[in-house]
Amino acid sequence: MKPSPPATASASLAQSSPTVGSFGERDGALEWTGRQETVRLEPWGPDAIRVRARLGGPLLEDLPGALLDAPPPAAASVRIEAGQASLTCGAITARIGADGMIRFETTEGGRELLAEQRAHFWWPGPRLRTATGNGYHRIEQRFKAYEGERLYGLGQHQHGLLDQKGAVIDLVQRNSEVAIPVLTSSRGYTLLWNNPAIGRVELAATGTRWVADSARQIDYWITAGDPAAAQRRYTAVTGRAPMLPEWAAGFWQCKLRYRTQEELLAVAREHKRRGLPIDAIVCDFFHWTHLGDWKFDPVAWPDPAAMTRELERLGIKLVVSVWPSVSPLSENHDTMEQRGLLVGTEYGPTAHADWPDVREGERIHVAFYDATNPRAREFVWSRVRENYLEPYGIRAFWLDACEPELKPGFPANLRYHAGPGLEVGNLYPRENARAIHEGMRAAGEEEVVTLNRSAWAGSQRYGAALWSGDIGTDFATLRRQIAAGLNVALSGIPWWNTDIGGFHGGDPDDPAYREVLIRWFQFGALSPIMRLHGFRDPGLPLGPGMTGGPNEVWSYGEEAERILGSYLRLRERLKPYVLAQMRAAHEEGLPPLRPLFLEFPGDEAAWGVADAYLLGPDLLVAPVLEAGATERSAYLPAGARWTDAWTGDSWEGGRTVTVPAPLDRIPLFLRDDARLPVREP
């Protein structure tokens, strides 16, 4: 390591004992050391820099995180002078002073993108550590706030905000709340907090603060560029999604729940009898003998081989629910416990939630397998392979409750193979998807699709589709899903959907709910993945015999069936376009669901549109989000000419237009010369 020239600092009354660190260059990286702290800045892909900082010892190289093991190659240069040093990697330059303060700026022009901020003029500095014992700290990383800055990403949340400036976001996995710690700024940078610790991020007017409740090292990654360029860079270092199979771009039929083999097959047959497009049907929870057996209950599912053969003849994929929880009644529980394949606890027994098991009237305490343990992933996959893939050819899986769904939610009590619960807890859903992905690939399967209720940074590289969890069934909830999906898209997850119609309730015979369902179905048809699901009224209590009311296209009356059928056919016509966007996600990292500013970053107004989006580059979608609405106003971004896909009317962008939106129509606008088969022949 090449040392730096000596540095000096002028003391002041405000700082009577200043930190004066030293600089060095090591293998193309810039290091600063001072007061027992080591900070390393290194190029990590084109136009991107990774920053790690540790107190009291050398940097730790083997901590779990989101970044791939090796970054894409990038040209970079280090410059060390008396009292300061810099690292330049393409469009971004990081400068660090003798006091250890870091500032990121554009290489061309030197405009400040983001800079660290002290908590106080004297102590502490921008990186605060409070000891929690045994080398772990509660860690804070502080950055400046900027007037007018807009902030996006951070996974999926139900607050309804697209721009999350001013919000405090918990970094913890919960049903419908998905923590993916990557943030895109209107100032031209994207930052990944490369840390799976439980914590939070505060996006205040006085500064931004990232917090890890218990961790050993600060680790983050930052890139410069507009949102589209940032998505390309971010997915290059965290992994890109595989190519979505053609069937998965079609319609998925689902409800809570089909209780028997005959119920499920009857719905599949009826779809075909009515001539309604369908590509997948889902076998939900409680189809098993016990939680953690991962196999069909022969009482309700007597001949899965015949079922899958018939579905195959009908051209329908079967998707089977696989939960990560293991009942003490399961045939696998004792083996997994003895081998250390379950998530451990610091206090109390190895039990993480209460749940009704099959044929048991009372709830029992179940454990979760440790998805961060490679041996546990291999074991679970072996059961899935032997009970679903090999005998029946089932190749698509619904990974439900994969936050994991702890009751009570005490991550500090958990002990994972990868580390203590507070340090690594947010990893779980990604590693759970990894179990199926790695198993399928080892079995020689090229197509891997899992439907997941949670995710973390990098989940996309394991073929994980995310859905927005168990949500409400009204227009207000539908509106919130637009912002949720767009922020997911900016978090690197291209495969995303909602329960069409919402999850908790909804009466198929209620005209008001039928309107919600129709408008939601239209949105679903123009989403990356289209899936009808829900726990409709009247629903039975949670337990092995539970089911909800009907939830098929024909369950909502003749008018609804006519409209919903037309959107199933629209989805079929648009499937080649949807698959082209999935190809762009696979090859470039660009999401199919796009906020308007992803395509039009120079249009200031586009940064504030939270109730409409682009599906790919050419189709602007403006869902109807209010009861009784028969028209809809939509902003058309400047820089393109837009044509109403239904009427043929056209406008130059940079304006808001109001168009008809009767119950059977979702406003759609085509960009410039784009031609898509929206209208039915």
# chains A, B, ... in the order shown; residues from 1 in each chain; ligands from 1
>>> residues_around(residues="A:Val182", least_positions_apart="6", cutoff="12 Å", atoms="only C-alpha atoms", output="PyMOL selection string")
chain A and resi 66-67+151-156+169+171+189-196+201+210+220-223+230-231+234-235+238+456-458+487-493
>>> select_by_dssp(residues="stretch 321-486 of chain A", states="strand (DSSP E or B)", output="count of residues only")
34
>>> residues_around(residues="A:Tyr567", least_positions_apart="6", cutoff="12 Å", atoms="only C-alpha atoms", output="PyMOL selection string")
chain A and resi 250-251+276-278+518-527+530+553+560-561+573-575+664-666+678-680
>>> residues_around(residues="stretch 135-142 of chain A", least_positions_apart="4", cutoff="6 Å", atoms="only C-alpha atoms", output="list in words")
Glu116, Gln117, Pro126, Arg127, Leu128, Arg129, Thr130, Ala131, Thr208, Arg209, Trp210, Val211, Ala212, Asp213, Ser214, Ala215 and Arg216 of chain A
>>> residues_around(residues="stretch 41-53 of chain A", least_positions_apart="6", cutoff="9 Å", atoms="only C-alpha atoms", output="PyMOL selection string")
chain A and resi 27-32+59+70-77+87-94+127+217-225+233-234+236-237
>>> atom_distance(atom1="atom CA of A:Trp252", atom2="atom CA of A:Ile281")
5.6 Å
